[in-house]
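K.L.:
For reference, the file model.cif (mmCIF, C-alpha atoms) is included below:
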```cif
data_structure
loop_
_atom_site.group_PDB
_atom_site.id
_atom_site.type_symbol
_atom_site.label_atom_id
_atom_site.label_comp_id
_atom_site.auth_asym_id
_atom_site.auth_seq_id
_atom_site.Cartn_x
_atom_site.Cartn_y
_atom_site.Cartn_z
ATOM 1 C CA MET A 257 10.518 -2.691 50.864
ATOM 2 C CA SER A 258 9.741 -5.021 47.980
ATOM 3 C CA THR A 259 11.003 -8.585 48.161
ATOM 4 C CA VAL A 260 10.899 -8.884 44.346
ATOM 5 C CA SER A 261 14.298 -8.300 42.739
ATOM 6 C CA LYS A 262 14.800 -5.537 40.172
ATOM 7 C CA GLN A 263 15.670 -8.160 37.581
ATOM 8 C CA GLU A 264 12.396 -9.968 38.215
ATOM 9 C CA MET A 265 10.498 -6.674 38.091
ATOM 10 C CA MET A 266 11.924 -6.063 34.631
ATOM 11 C CA ARG A 267 10.970 -9.564 33.530
ATOM 12 C CA VAL A 268 7.339 -9.253 34.592
ATOM 13 C CA LYS A 269 7.175 -5.730 33.173
ATOM 14 C CA GLY A 270 7.898 -7.312 29.827
ATOM 15 C CA LEU A 271 4.808 -9.456 30.420
ATOM 16 C CA GLY A 272 2.688 -6.364 31.058
ATOM 17 C CA PHE A 273 2.908 -6.176 34.864
ATOM 18 C CA LEU A 274 3.953 -2.783 36.201
ATOM 19 C CA ARG A 275 4.805 -2.415 39.875
ATOM 20 C CA ASP A 276 2.202 -0.603 41.957
ATOM 21 C CA LYS A 277 4.312 1.921 43.875
ATOM 22 C CA THR A 278 1.742 2.106 46.693
ATOM 23 C CA THR A 279 2.369 -1.513 47.655
ATOM 24 C CA GLU A 280 5.349 -3.739 48.416
ATOM 25 C CA ASP A 281 4.878 -6.687 46.087
ATOM 26 C CA CYS A 282 1.832 -5.912 43.933
ATOM 27 C CA PHE A 283 1.633 -5.127 40.233
ATOM 28 C CA ASN A 284 -0.913 -3.665 37.816
ATOM 29 C CA ALA A 285 -1.615 -6.048 34.945
ATOM 30 C CA ARG A 286 -2.059 -4.459 31.512
ATOM 31 C CA VAL A 287 -4.550 -6.481 29.440
ATOM 32 C CA ILE A 288 -4.452 -6.131 25.653
ATOM 33 C CA THR A 289 -7.760 -5.178 24.027
ATOM 34 C CA ARG A 290 -6.574 -5.589 20.400
ATOM 35 C CA ASN A 291 -8.426 -2.592 18.946
ATOM 36 C CA GLY A 292 -9.809 -0.784 21.991
ATOM 37 C CA LYS A 293 -12.949 -2.891 22.116
ATOM 38 C CA VAL A 294 -13.984 -5.867 24.273
ATOM 39 C CA THR A 295 -17.114 -7.988 24.446
ATOM 40 C CA SER A 296 -19.460 -8.188 27.417
ATOM 41 C CA GLU A 297 -18.191 -11.722 28.074
ATOM 42 C CA GLN A 298 -14.594 -10.472 28.139
ATOM 43 C CA PHE A 299 -15.608 -7.752 30.595
ATOM 44 C CA ARG A 300 -17.099 -10.437 32.837
ATOM 45 C CA VAL A 301 -13.844 -12.387 32.628
ATOM 46 C CA LEU A 302 -11.844 -9.270 33.523
ATOM 47 C CA ALA A 303 -14.134 -8.480 36.444
ATOM 48 C CA GLU A 304 -13.788 -12.036 37.737
ATOM 49 C CA ALA A 305 -10.002 -11.853 37.318
ATOM 50 C CA ALA A 306 -9.890 -8.552 39.227
ATOM 51 C CA ASP A 307 -11.792 -10.127 42.120
ATOM 52 C CA ARG A 308 -9.921 -13.416 42.081
ATOM 53 C CA PHE A 309 -6.335 -12.212 41.576
ATOM 54 C CA GLY A 310 -6.314 -8.493 42.461
ATOM 55 C CA ASN A 311 -8.185 -5.957 44.563
ATOM 56 C CA GLY A 312 -11.375 -5.958 42.478
ATOM 57 C CA GLU A 313 -10.574 -2.765 40.597
ATOM 58 C CA LEU A 314 -9.990 -2.136 36.876
ATOM 59 C CA ALA A 315 -8.449 1.008 35.387
ATOM 60 C CA MET A 316 -8.713 2.259 31.814
ATOM 61 C CA THR A 317 -5.383 3.345 30.319
ATOM 62 C CA THR A 318 -4.889 6.249 27.939
ATOM 63 C CA ARG A 319 -4.052 3.769 25.167
ATOM 64 C CA MET A 320 -7.324 1.830 25.229
ATOM 65 C CA THR A 321 -6.158 -1.076 27.351
ATOM 66 C CA VAL A 322 -7.392 -2.256 30.756
ATOM 67 C CA GLU A 323 -5.298 -2.637 33.908
ATOM 68 C CA LEU A 324 -6.197 -5.049 36.681
ATOM 69 C CA GLN A 325 -5.079 -3.377 39.885
ATOM 70 C CA ARG A 326 -2.830 -4.647 42.682
ATOM 71 C CA ILE A 327 -2.014 -8.159 41.574
ATOM 72 C CA PRO A 328 0.264 -9.817 44.182
ATOM 73 C CA TYR A 329 3.491 -11.132 42.679
ATOM 74 C CA GLY A 330 2.440 -14.704 43.469
ATOM 75 C CA ASN A 331 -0.751 -14.264 41.423
ATOM 76 C CA ILE A 332 0.959 -13.246 38.188
ATOM 77 C CA GLU A 333 1.282 -16.715 36.669
ATOM 78 C CA PRO A 334 -2.217 -17.880 37.759
ATOM 79 C CA LEU A 335 -3.711 -14.683 36.309
ATOM 80 C CA CYS A 336 -1.945 -15.162 32.965
ATOM 81 C CA ALA A 337 -3.177 -18.754 32.820
ATOM 82 C CA TYR A 338 -6.743 -17.697 33.632
ATOM 83 C CA LEU A 339 -6.771 -15.007 30.938
ATOM 84 C CA ALA A 340 -5.262 -17.402 28.387
ATOM 85 C CA GLU A 341 -8.145 -19.821 29.005
ATOM 86 C CA HIS A 342 -10.448 -17.075 27.755
ATOM 87 C CA GLY A 343 -8.330 -15.955 24.808
ATOM 88 C CA MET A 344 -6.883 -12.870 26.481
ATOM 89 C CA GLN A 345 -3.365 -11.799 27.376
ATOM 90 C CA THR A 346 -1.295 -9.175 29.150
ATOM 91 C CA GLY A 347 1.530 -7.183 27.582
ATOM 92 C CA GLY A 348 2.111 -3.852 25.888
ATOM 93 C CA THR A 349 5.496 -2.748 27.219
ATOM 94 C CA GLY A 350 9.096 -2.626 26.035
ATOM 95 C CA PRO A 351 10.991 -1.467 22.906
ATOM 96 C CA ARG A 352 8.633 -3.000 20.360
ATOM 97 C CA VAL A 353 5.362 -2.349 18.581
ATOM 98 C CA ARG A 354 2.832 -1.331 21.220
ATOM 99 C CA PRO A 355 -0.921 -2.070 21.279
ATOM 100 C CA VAL A 356 -2.890 -0.113 18.703
ATOM 101 C CA VAL A 357 -5.142 2.776 19.744
ATOM 102 C CA SER A 358 -8.385 3.197 17.806
ATOM 103 C CA CYS A 359 -11.187 5.711 17.938
ATOM 104 C CA LYS A 360 -14.778 4.552 17.345
ATOM 105 C CA GLY A 361 -14.770 5.774 13.751
ATOM 106 C CA THR A 362 -16.497 2.570 12.648
ATOM 107 C CA THR A 363 -19.716 3.708 14.342
ATOM 108 C CA CYS A 364 -19.139 7.479 14.686
ATOM 109 C CA GLN A 365 -21.156 9.813 12.443
ATOM 110 C CA PHE A 366 -17.934 11.499 11.347
ATOM 111 C CA GLY A 367 -15.936 8.298 10.778
ATOM 112 C CA LEU A 368 -14.597 7.879 7.248
ATOM 113 C CA ILE A 369 -12.988 4.443 7.677
ATOM 114 C CA ASP A 370 -13.673 1.240 9.582
ATOM 115 C CA THR A 371 -11.259 2.002 12.414
ATOM 116 C CA PHE A 372 -11.957 -1.178 14.412
ATOM 117 C CA ASP A 373 -11.253 -3.389 11.397
ATOM 118 C CA VAL A 374 -8.098 -1.508 10.382
ATOM 119 C CA SER A 375 -6.813 -1.530 13.968
ATOM 120 C CA LEU A 376 -7.481 -5.246 14.343
ATOM 121 C CA ALA A 377 -5.532 -5.960 11.133
ATOM 122 C CA ILE A 378 -2.621 -3.861 12.427
ATOM 123 C CA HIS A 379 -2.782 -5.597 15.822
ATOM 124 C CA GLU A 380 -2.650 -9.066 14.303
ATOM 125 C CA ARG A 381 0.000 -8.292 11.704
ATOM 126 C CA PHE A 382 2.316 -6.041 13.695
ATOM 127 C CA TYR A 383 1.634 -6.225 17.448
ATOM 128 C CA GLU A 384 1.368 -10.005 17.353
ATOM 129 C CA GLY A 385 3.391 -10.685 14.195
ATOM 130 C CA TYR A 386 6.299 -8.436 15.193
ATOM 131 C CA HIS A 387 6.145 -9.063 18.935
ATOM 132 C CA SER A 388 9.548 -10.763 19.020
ATOM 133 C CA VAL A 389 11.184 -7.962 17.004
ATOM 134 C CA LYS A 390 13.185 -5.636 19.223
ATOM 135 C CA LEU A 391 13.212 -1.996 18.127
ATOM 136 C CA PRO A 392 15.381 0.961 19.204
ATOM 137 C CA HIS A 393 12.508 2.223 21.363
ATOM 138 C CA LYS A 394 8.737 1.915 21.808
ATOM 139 C CA PHE A 395 6.657 2.183 18.641
ATOM 140 C CA LYS A 396 3.101 3.475 18.970
ATOM 141 C CA ILE A 397 0.335 3.357 16.372
ATOM 142 C CA ALA A 398 -3.037 5.138 16.445
ATOM 143 C CA VAL A 399 -5.959 4.968 14.024
ATOM 144 C CA GLY A 400 -8.401 7.879 13.783
ATOM 145 C CA GLY A 401 -11.579 7.803 11.751
ATOM 146 C CA CYS A 402 -11.538 11.431 10.616
ATOM 147 C CA PRO A 403 -9.618 14.716 10.926
ATOM 148 C CA ASN A 404 -11.290 15.439 14.280
ATOM 149 C CA ASN A 405 -8.232 13.544 15.586
ATOM 150 C CA CYS A 406 -9.877 12.288 18.774
ATOM 151 C CA VAL A 407 -7.065 9.760 19.399
ATOM 152 C CA LYS A 408 -4.376 12.269 18.372
ATOM 153 C CA PRO A 409 -2.870 10.097 15.614
ATOM 154 C CA ASP A 410 -0.148 12.621 14.723
ATOM 155 C CA LEU A 411 1.319 12.294 18.229
ATOM 156 C CA ASN A 412 2.192 8.644 17.567
ATOM 157 C CA ASP A 413 5.098 7.055 15.735
ATOM 158 C CA VAL A 414 2.578 6.132 13.055
ATOM 159 C CA GLY A 415 -0.771 7.890 12.904
ATOM 160 C CA ILE A 416 -3.534 6.984 10.471
ATOM 161 C CA VAL A 417 -6.422 9.352 9.736
ATOM 162 C CA GLY A 418 -9.463 8.588 7.595
ATOM 163 C CA GLN A 419 -9.763 10.888 4.579
ATOM 164 C CA ARG A 420 -12.398 11.857 2.033
ATOM 165 C CA VAL A 421 -10.845 14.096 -0.591
ATOM 166 C CA PRO A 422 -13.530 16.279 -2.216
ATOM 167 C CA LEU A 423 -13.572 16.777 -5.966
ATOM 168 C CA LEU A 424 -15.563 19.579 -7.594
ATOM 169 C CA ASP A 425 -17.432 19.013 -10.849
ATOM 170 C CA GLY A 426 -17.294 22.435 -12.452
ATOM 171 C CA GLU A 427 -19.740 21.464 -15.177
ATOM 172 C CA THR A 428 -22.424 20.554 -12.650
ATOM 173 C CA CYS A 429 -21.909 23.598 -10.427
ATOM 174 C CA ARG A 430 -24.645 26.222 -10.949
ATOM 175 C CA ALA A 431 -22.835 29.073 -9.190
ATOM 176 C CA CYS A 432 -25.619 29.508 -6.635
ATOM 177 C CA ARG A 433 -25.904 32.920 -4.982
ATOM 178 C CA VAL A 434 -25.500 31.195 -1.618
ATOM 179 C CA CYS A 435 -23.077 28.285 -1.914
ATOM 180 C CA LEU A 436 -23.946 25.677 0.708
ATOM 181 C CA VAL A 437 -20.571 24.011 0.198
ATOM 182 C CA ALA A 438 -18.676 27.192 1.097
ATOM 183 C CA GLU A 439 -21.088 28.039 3.911
ATOM 184 C CA GLY A 440 -20.838 24.589 5.481
ATOM 185 C CA CYS A 441 -17.069 23.989 5.267
ATOM 186 C CA PRO A 442 -15.770 23.808 8.882
ATOM 187 C CA MET A 443 -12.243 24.656 7.731
ATOM 188 C CA LYS A 444 -13.311 27.579 5.523
ATOM 189 C CA ALA A 445 -11.301 25.909 2.791
ATOM 190 C CA VAL A 446 -13.878 26.620 0.060
ATOM 191 C CA ARG A 447 -13.972 30.092 -1.395
ATOM 192 C CA LEU A 448 -15.965 31.587 -4.247
ATOM 193 C CA ILE A 449 -14.066 32.719 -7.333
ATOM 194 C CA ASP A 450 -16.256 34.411 -9.940
ATOM 195 C CA GLY A 451 -19.253 32.945 -8.182
ATOM 196 C CA LYS A 452 -18.010 29.351 -8.243
ATOM 197 C CA PRO A 453 -16.427 27.426 -5.350
ATOM 198 C CA GLU A 454 -12.747 26.521 -5.335
ATOM 199 C CA ILE A 455 -11.023 24.306 -2.758
ATOM 200 C CA ASP A 456 -7.911 25.559 -0.991
ATOM 201 C CA ARG A 457 -6.065 22.255 -0.689
ATOM 202 C CA ASP A 458 -3.674 23.652 1.898
ATOM 203 C CA ALA A 459 -6.576 24.551 4.183
ATOM 204 C CA CYS A 460 -8.766 21.514 3.424
ATOM 205 C CA ASN A 461 -8.371 18.638 5.902
ATOM 206 C CA ASN A 462 -10.366 16.161 3.770
ATOM 207 C CA CYS A 463 -13.138 15.718 6.313
ATOM 208 C CA GLY A 464 -15.568 15.172 3.431
ATOM 209 C CA ARG A 465 -18.465 17.067 4.966
ATOM 210 C CA CYS A 466 -18.842 19.135 1.807
ATOM 211 C CA VAL A 467 -19.428 16.071 -0.385
ATOM 212 C CA ALA A 468 -23.154 15.883 0.340
ATOM 213 C CA ALA A 469 -23.654 19.627 0.885
ATOM 214 C CA CYS A 470 -24.358 20.636 -2.707
ATOM 215 C CA PRO A 471 -28.026 20.074 -3.703
ATOM 216 C CA HIS A 472 -26.929 19.859 -7.337
ATOM 217 C CA ARG A 473 -24.341 17.165 -6.582
ATOM 218 C CA ALA A 474 -21.413 19.201 -7.807
ATOM 219 C CA MET A 475 -19.310 17.691 -4.994
ATOM 220 C CA THR A 476 -20.291 14.047 -5.279
ATOM 221 C CA GLY A 477 -16.930 12.805 -6.550
ATOM 222 C CA GLU A 478 -14.396 11.911 -3.884
ATOM 223 C CA VAL A 479 -11.315 9.858 -3.119
ATOM 224 C CA GLN A 480 -11.465 7.920 0.160
ATOM 225 C CA GLY A 481 -8.407 6.680 1.963
ATOM 226 C CA TYR A 482 -5.869 7.230 4.709
ATOM 227 C CA ARG A 483 -3.525 10.046 5.631
ATOM 228 C CA VAL A 484 -0.416 8.618 7.297
ATOM 229 C CA TYR A 485 1.702 10.600 9.757
ATOM 230 C CA ILE A 486 5.135 9.393 10.838
ATOM 231 C CA GLY A 487 7.423 10.444 13.671
ATOM 232 C CA GLY A 488 4.977 11.896 16.165
ATOM 233 C CA ARG A 489 5.415 11.451 19.907
ATOM 234 C CA TRP A 490 3.922 12.437 23.229
ATOM 235 C CA GLY A 491 5.851 12.324 26.477
ATOM 236 C CA LYS A 492 8.946 14.029 27.830
ATOM 237 C CA LYS A 493 9.426 15.470 24.356
ATOM 238 C CA VAL A 494 6.403 16.362 22.270
ATOM 239 C CA GLY A 495 6.318 16.598 18.498
ATOM 240 C CA ARG A 496 3.710 16.224 15.774
ATOM 241 C CA GLY A 497 4.321 13.660 13.098
ATOM 242 C CA GLN A 498 4.715 14.715 9.491
ATOM 243 C CA PRO A 499 2.228 13.514 6.867
ATOM 244 C CA LEU A 500 3.348 11.464 3.922
ATOM 245 C CA SER A 501 2.934 13.399 0.690
ATOM 246 C CA ARG A 502 -0.047 11.473 -0.652
ATOM 247 C CA VAL A 503 -3.250 9.923 0.619
ATOM 248 C CA ILE A 504 -3.131 6.114 0.614
ATOM 249 C CA THR A 505 -6.272 4.714 -1.014
ATOM 250 C CA ASP A 506 -5.703 0.951 -0.705
ATOM 251 C CA ARG A 507 -5.801 -0.862 2.654
ATOM 252 C CA GLU A 508 -3.121 -3.371 1.737
ATOM 253 C CA GLU A 509 -0.840 -0.517 0.715
ATOM 254 C CA LEU A 510 -1.608 1.118 4.062
ATOM 255 C CA LEU A 511 -0.530 -2.007 5.931
ATOM 256 C CA SER A 512 2.574 -2.186 3.763
ATOM 257 C CA VAL A 513 3.420 1.433 4.659
ATOM 258 C CA VAL A 514 3.052 0.617 8.362
ATOM 259 C CA GLU A 515 5.341 -2.390 7.973
ATOM 260 C CA LYS A 516 7.947 -0.435 6.029
ATOM 261 C CA THR A 517 7.945 2.267 8.721
ATOM 262 C CA ILE A 518 8.668 -0.385 11.338
ATOM 263 C CA LEU A 519 11.427 -1.836 9.161
ATOM 264 C CA PHE A 520 12.836 1.664 8.604
ATOM 265 C CA PHE A 521 13.016 2.208 12.372
ATOM 266 C CA ARG A 522 14.582 -1.196 12.958
ATOM 267 C CA ASP A 523 17.147 -0.610 10.183
ATOM 268 C CA LYS A 524 18.027 3.051 10.677
ATOM 269 C CA GLY A 525 17.197 3.734 14.324
ATOM 270 C CA GLU A 526 19.833 3.877 17.034
ATOM 271 C CA SER A 527 19.263 2.292 20.437
ATOM 272 C CA GLY A 528 17.315 4.572 22.763
ATOM 273 C CA GLU A 529 16.035 7.017 20.153
ATOM 274 C CA ARG A 530 12.417 7.436 19.067
ATOM 275 C CA LEU A 531 11.352 7.288 15.442
ATOM 276 C CA ALA A 532 11.101 11.091 15.434
ATOM 277 C CA ASP A 533 14.823 11.293 16.242
ATOM 278 C CA THR A 534 15.679 8.802 13.509
ATOM 279 C CA ILE A 535 13.708 10.783 10.933
ATOM 280 C CA ALA A 536 15.336 14.035 12.058
ATOM 281 C CA ARG A 537 18.781 12.464 11.693
ATOM 282 C CA ILE A 538 18.130 10.775 8.331
ATOM 283 C CA GLY A 539 15.909 13.506 6.906
ATOM 284 C CA PHE A 540 12.167 13.335 6.256
ATOM 285 C CA ASP A 541 12.509 13.250 2.470
ATOM 286 C CA GLU A 542 14.797 10.214 2.587
ATOM 287 C CA ALA A 543 12.599 8.524 5.191
ATOM 288 C CA GLU A 544 9.517 9.037 3.031
ATOM 289 C CA ARG A 545 11.334 7.804 -0.067
ATOM 290 C CA LEU A 546 12.268 4.562 1.678
ATOM 291 C CA ILE A 547 8.837 4.073 3.237
ATOM 292 C CA LEU A 548 6.985 4.602 -0.046
ATOM 293 C CA SER A 549 9.371 2.431 -2.069
ATOM 294 C CA ASP A 550 9.899 -1.329 -1.856
ATOM 295 C CA GLU A 551 13.572 -1.198 -0.847
ATOM 296 C CA LEU A 552 12.925 -2.047 2.795
ATOM 297 C CA LEU A 553 10.608 -4.955 1.995
ATOM 298 C CA ALA A 554 13.245 -6.373 -0.354
ATOM 299 C CA ARG A 555 15.679 -6.381 2.589
ATOM 300 C CA LYS A 556 13.120 -7.468 5.200
ATOM 301 C CA GLN A 557 14.781 -10.744 6.152
ATOM 302 C CA ASP A 558 18.197 -9.112 6.547
ATOM 303 C CA ILE A 559 16.760 -6.231 8.596
ATOM 304 C CA LEU A 560 14.927 -8.582 10.958
ATOM 305 C CA ALA A 561 17.941 -10.887 11.248
ATOM 306 C CA ASP A 562 20.346 -8.221 12.537
#
```
Please, can you express the file's structure as structure tokens?

P.N.:
Amino acid sequence: MSTVSKQEMMRVKGLGFLRDKTTEDCFNARVITRNGKVTSEQFRVLAEAADRFGNGELAMTTRMTVELQRIPYGNIEPLCAYLAEHGMQTGGTGPRVRPVVSCKGTTCQFGLIDTFDVSLAIHERFYEGYHSVKLPHKFKIAVGGCPNNCVKPDLNDVGIVGQRVPLLDGETCRACRVCLVAEGCPMKAVRLIDGKPEIDRDACNNCGRCVAACPHRAMTGEVQGYRVYIGGRWGKKVGRGQPLSRVITDREELLSVVEKTILFFRDKGESGERLADTIARIGFDEAERLILSDELLARKQDILAD
């Protein structure tokens, strides 16, 4: 039987300490990794903390954070102080913006965007900047470098996917007997019409692999940016998010869209419901209209003051 009260368990949960059900008074400490990446020095600090304050074990979470295992209740404050000395912190729970999940698109051969940099900007602006803002429910964000969707962005409240939209130069195309663009498209979104390739935009996922496929450079033009999904979730209820109607090509606009989605949820969401429920109740078209306009930003102070 635990000697820690339920009220105190809730308080330390808010700090990122979740009770270890296999023990009486021990907790697992969730350490924030900012964008799913830590340095070797930080790993040494975490290993030392695991030995000094826990049972010497570290666990990787599904959302790219690290848990220090079996921290006795009396070690919670000393552990937090030790991590703070090295610029690290625990957290990541409660009805607020959660830590960002990022794939390794920055270094991956298929990555179309700098996922680590984008995720770090989101972490600083919205996990840290909005940490005191209470929302109707948890709010999860994931950043994927390409349509391979390794971090399953569309199963998050906001999912960001790197995009490279191919553009065909019909004047340059030589109508080759064997079209390498059509042959190499993994989505089979390129078909030959009168000997020349055409892109089925409904089938194309903007992976961009066709851009360098044509030896005559008929596919060299492209638009790079971000596809944003809103209202996805994974858990007791599962649902894919819906994509906004256009690809965002500017990073500052992307960050603005993320912020307006948070403001939308804060303004329109009801206590206990996920963003997916709010969008279903309000309607996707109206949600998208608000998120792509500046109405929510104009009311930002009022929304955050409620």

K.L.:
Running the PyMOL selection byres ((chain A and resi 307-309) around 12) on this model by hand, what would come out? Give it as an MDAnalysis selection string.

P.N.:
chainID A and resid 282:285 300:306 310:314 324:339

K.L.:
Which residues, named as in the file, does the PyMOL selection byres ((chain A and resi 556) around 12) pick out? Answer as an NGL selection string.

P.N.:
:A and (389 or 512 or 515-520 or 522-523 or 550-555 or 557-562)

K.L.:
List, as a PyMOL selection string, every residue that the PyMOL selection byres ((chain A and resi 287) around 10) selects in the file provided.

P.N.:
chain A and resi 271-273+284-286+288-290+302+316-317+320-324+336+339+344-348+355

K.L.:
Could you jot down the atom CA of Asp373 of chain A to atom CA of Cys402 of chain A separation for me, Å, one decimal place?

P.N.:
14.8 Å

K.L.:
In the coordinates of the file, take the point (3.9, 1.2, 7.6) and a cut-off of 12 Å; then, counting only C-alpha atoms, name each qualifying protein, DNA or RNA residue as a count of residues only.

P.N.:
44

K.L.:
Step by step, gather every atom of segment 400-406 of chain A that the file lists, find the box along x, y and z that holds them, add 6 Å on each side, and finally give centre and edge lengths in Å to one decimal, as lines of an AutoDock Vina configuration file.

P.N.:
```
center_x = -9.9
center_y = 11.6
center_z = 14.7
size_x = 15.3
size_y = 19.6
size_z = 20.2
```

K.L.:
Between A:Ser375, A:Thr534, A:Thr259, A:Thr349, which one has atoms that come closest to His387 of chain A, using only C-alpha atoms?

P.N.:
A:Thr349

K.L.:
May I ask for the distance between atom CA of Leu436 of chain A and atom CA of Glu478 of chain A, given in Å to one decimal place?

P.N.:
17.4 Å

K.L.:
Can you measure atom CA of Leu368 of chain A to atom CA of Asp506 of chain A for me? One decimal in Å is fine.

P.N.:
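That distance, rounded to one decimal, is 13.8 Å.
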
K.L.:
For Gly440 of chain A, please output as a PDB file with C-alpha atoms, in the frame of the given file all residues within 8 Å (counting only C-alpha atoms; exclusion window: fewer than 2 positions along the same chain).

P.N.:
```pdb
ATOM      1  CA  LEU A 436     -23.946  25.677   0.708  1.00  0.00           C
ATOM      2  CA  VAL A 437     -20.571  24.011   0.198  1.00  0.00           C
ATOM      3  CA  ALA A 438     -18.676  27.192   1.097  1.00  0.00           C
ATOM      4  CA  PRO A 442     -15.770  23.808   8.882  1.00  0.00           C
ATOM      5  CA  ARG A 465     -18.465  17.067   4.966  1.00  0.00           C
ATOM      6  CA  CYS A 466     -18.842  19.135   1.807  1.00  0.00           C
ATOM      7  CA  ALA A 469     -23.654  19.627   0.885  1.00  0.00           C
TER       8      ALA A 469
END
```

K.L.:
With distances taken over only C-alpha atoms, which of A:Gln498, A:Val374, A:Leu274, A:Val503 is nearest to Asp541 of chain A?

P.N.:
A:Gln498

K.L.:
Quick one: residues within 7 Å of Asp456 of chain A, all atoms listed in the file, excluding same-chain residues fewer than 2 positions away - as a list in words?

P.N.:
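Contacts, with the query itself left out: Ala445, Val446, Glu454, Asp458, Ala459 and Cys460 of chain A.
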
K.L.:
So which one's closest to Gly401 of chain A, A:Asn291, A:Ser258, A:Ser388, A:Gln365? Using only C-alpha atoms, please.

P.N.:
A:Gln365

K.L.:
Which residue gives the smallest distance to Asp533 of chain A among A:Arg489, A:Ala377, A:Arg354, A:Arg545, with all atoms listed in the file counted?

P.N.:
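Of all the options, A:Arg489 lies closest to Asp533 of chain A.
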